[in-house]
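Novice: Can you keep this structure in mind? I'll have questions shortly.
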Amino acid sequence: MQPKTLGEFVIEKQHEFPYSTGELSSLLNAIRLAAKIVNHYVNKAGLVDILGATGEINAHAEEQQKLDMLANKLFIDALINREIVCGIASEEEESFISIAGHNKDNTNKYVILIDPLDGSSNIDVNVSVGSIFSIYRRISPVGTPVTEADFLQPGHKQVAAGYVIYGTSTMLVYTTGHGVNGFTLNPALGVFYLSHPNMKFPEKGKIYSINEGNYVHFPMGIKKYIKYCQEETGDRPCTSRYIGSLVSDFHRNMIKGGVYLYPPTSKHPNGKLRLLYECNPMAFLAEQAGGKASDGNRRILDIEPSELHQRVPFYVGNKEMIDKIEEFISIYD
Ligand code: AHG
Ligand code: MN
Ligand code: MN
């Protein structure tokens, strides 16, 4: 039997969306389209002039890659012309973009936050990268311009979130708060098919994903946790796997069982990852897949954001493993 397409699935599940029915379909259509276009470019990365740096520095003093900028533009273009989002915040834009809509009446109801290309350091070496999105219903009154407060909502208010992984195959994985479903792109047809229904972290996890090159800068609790993972007892030692692209590391850990860690370091005292368009969407997905996401002490989805590009220490994955990380942090830090 032919699996369901993403389009069919979204229509079938429309009733699960708490607001008006057609809106989620429109939004996901825009994201699906952007994903296909970005995928098209990522796939011919070595053939066209999109490898390497632009020579520009982004809002976080990081070197911008050409594909970062291209993915940013492609996502914004796909989203801007639909009467659905009133604002877009992106890793690659210092401030949010306000969208008044075709009639300039500010009636669009959603805001979206994106990491258009996650894992930029992998682009030039043909390793998986991704895109991340997080969607909220606006809190400012419909009919008025979007405000920063619309974007600074805690993660538990997300109405949908997901990622695209441009890997050996391209997948779109998303949640609207009713579990996590994954769709694989058939590149010949340009159609996403439901390939991973109701994704769940396995009960037990064995993988830990962390940039161990930063070991000397980690807090004591994390150093001790890494040593704990390496001990030869019971079902340990764990296996270490680190791609350096949150999307890809998360995706593997959700399927195989594991945790991703980005603790505070001396270079990044608040961690490196961005709360609004990296941690919150992944935390929403993790919880919906039976996992857990924490900053070491708090549930990620309960953090009240104060800045668009705010960073936060991030631990996400199998619930049991995250519980253990929190235990080590509470004992040693
Ligand atoms: P981005 O490419 O969007 O800037 O994100 C990169 C992030 C994350 O995806 C990845 O896991 C992490 O940075 C890697 O950081 P290190 O190179 O410091 O390990
Ligand atoms: Mn990223
Ligand atoms: Mn990025």
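Residues are named by chain letter and number: chains run A, B, ... in the order of the structure tokens, numbers start at 1 in each chain, and ligands are numbered from 1 in the order shown.
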In range 121-269 of chain A, what's strand (DSSP E or B) per DSSP? Answer as number ranges by chain?
Specialist: A: 129-137, 160-166, 170-175, 180-186, 191-196, 207-209, 239-240, 258-262, 269
Novice: With a cut-off of 10 Å, could you pull out the residues of chain A touching ligand 2 and give me the nearest pair of atoms for each, distance in Å to one decimal, using only C-alpha atoms and all ligand atoms, ordered by chain and ascending number, as CSV?
Specialist:
```
residue,atom,partner,partner_atom_place_in_ligand_line,distance
A:Asp68,CA,ligand 2,1 (Mn),9.9
A:Glu91,CA,ligand 2,1 (Mn),7.8
A:Ile114,CA,ligand 2,1 (Mn),9.2
A:Asp115,CA,ligand 2,1 (Mn),5.7
A:Pro116,CA,ligand 2,1 (Mn),8.0
A:Leu117,CA,ligand 2,1 (Mn),6.5
A:Asp118,CA,ligand 2,1 (Mn),3.7
A:Gly119,CA,ligand 2,1 (Mn),5.7
A:Ser120,CA,ligand 2,1 (Mn),7.5
A:Ser121,CA,ligand 2,1 (Mn),10.0
A:Val129,CA,ligand 2,1 (Mn),9.2
A:Gly130,CA,ligand 2,1 (Mn),8.2
A:Ser131,CA,ligand 2,1 (Mn),7.9
A:Ile132,CA,ligand 2,1 (Mn),7.8
A:Gly244,CA,ligand 2,1 (Mn),9.4
A:Ser245,CA,ligand 2,1 (Mn),7.0
A:Leu246,CA,ligand 2,1 (Mn),6.6
A:Val247,CA,ligand 2,1 (Mn),7.9
A:Lys272,CA,ligand 2,1 (Mn),9.3
A:Leu273,CA,ligand 2,1 (Mn),7.0
A:Arg274,CA,ligand 2,1 (Mn),7.6
A:Tyr277,CA,ligand 2,1 (Mn),8.0
A:Glu278,CA,ligand 2,1 (Mn),6.1
A:Cys279,CA,ligand 2,1 (Mn),9.3
```
Novice: Neighbouring residues of Pro263 in chain A were defined as those with any atom within 12 Å, considering only C-alpha atoms; residues of the same chain fewer than 2 positions away were excluded. Please report them as a PyMOL selection string.
Specialist: chain A and resi 209-212+214-223+225-226+260-261+265-273+294-297+311-316+325-326+329
Novice: So how many Å separate CA of Lys13 in chain A and CA of Leu189 in chain A, to one decimal?
Specialist: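 Rounded to one decimal, the two atoms are 23.1 Å apart.
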Novice: Which one of A:Ser248, A:Thr170, A:Thr5, A:Gln230 sits closest to ligand 1 if you count only C-alpha atoms and all ligand atoms?
Specialist: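 Counting only C-alpha atoms and all ligand atoms, the residue closest to ligand 1 is A:Ser248.
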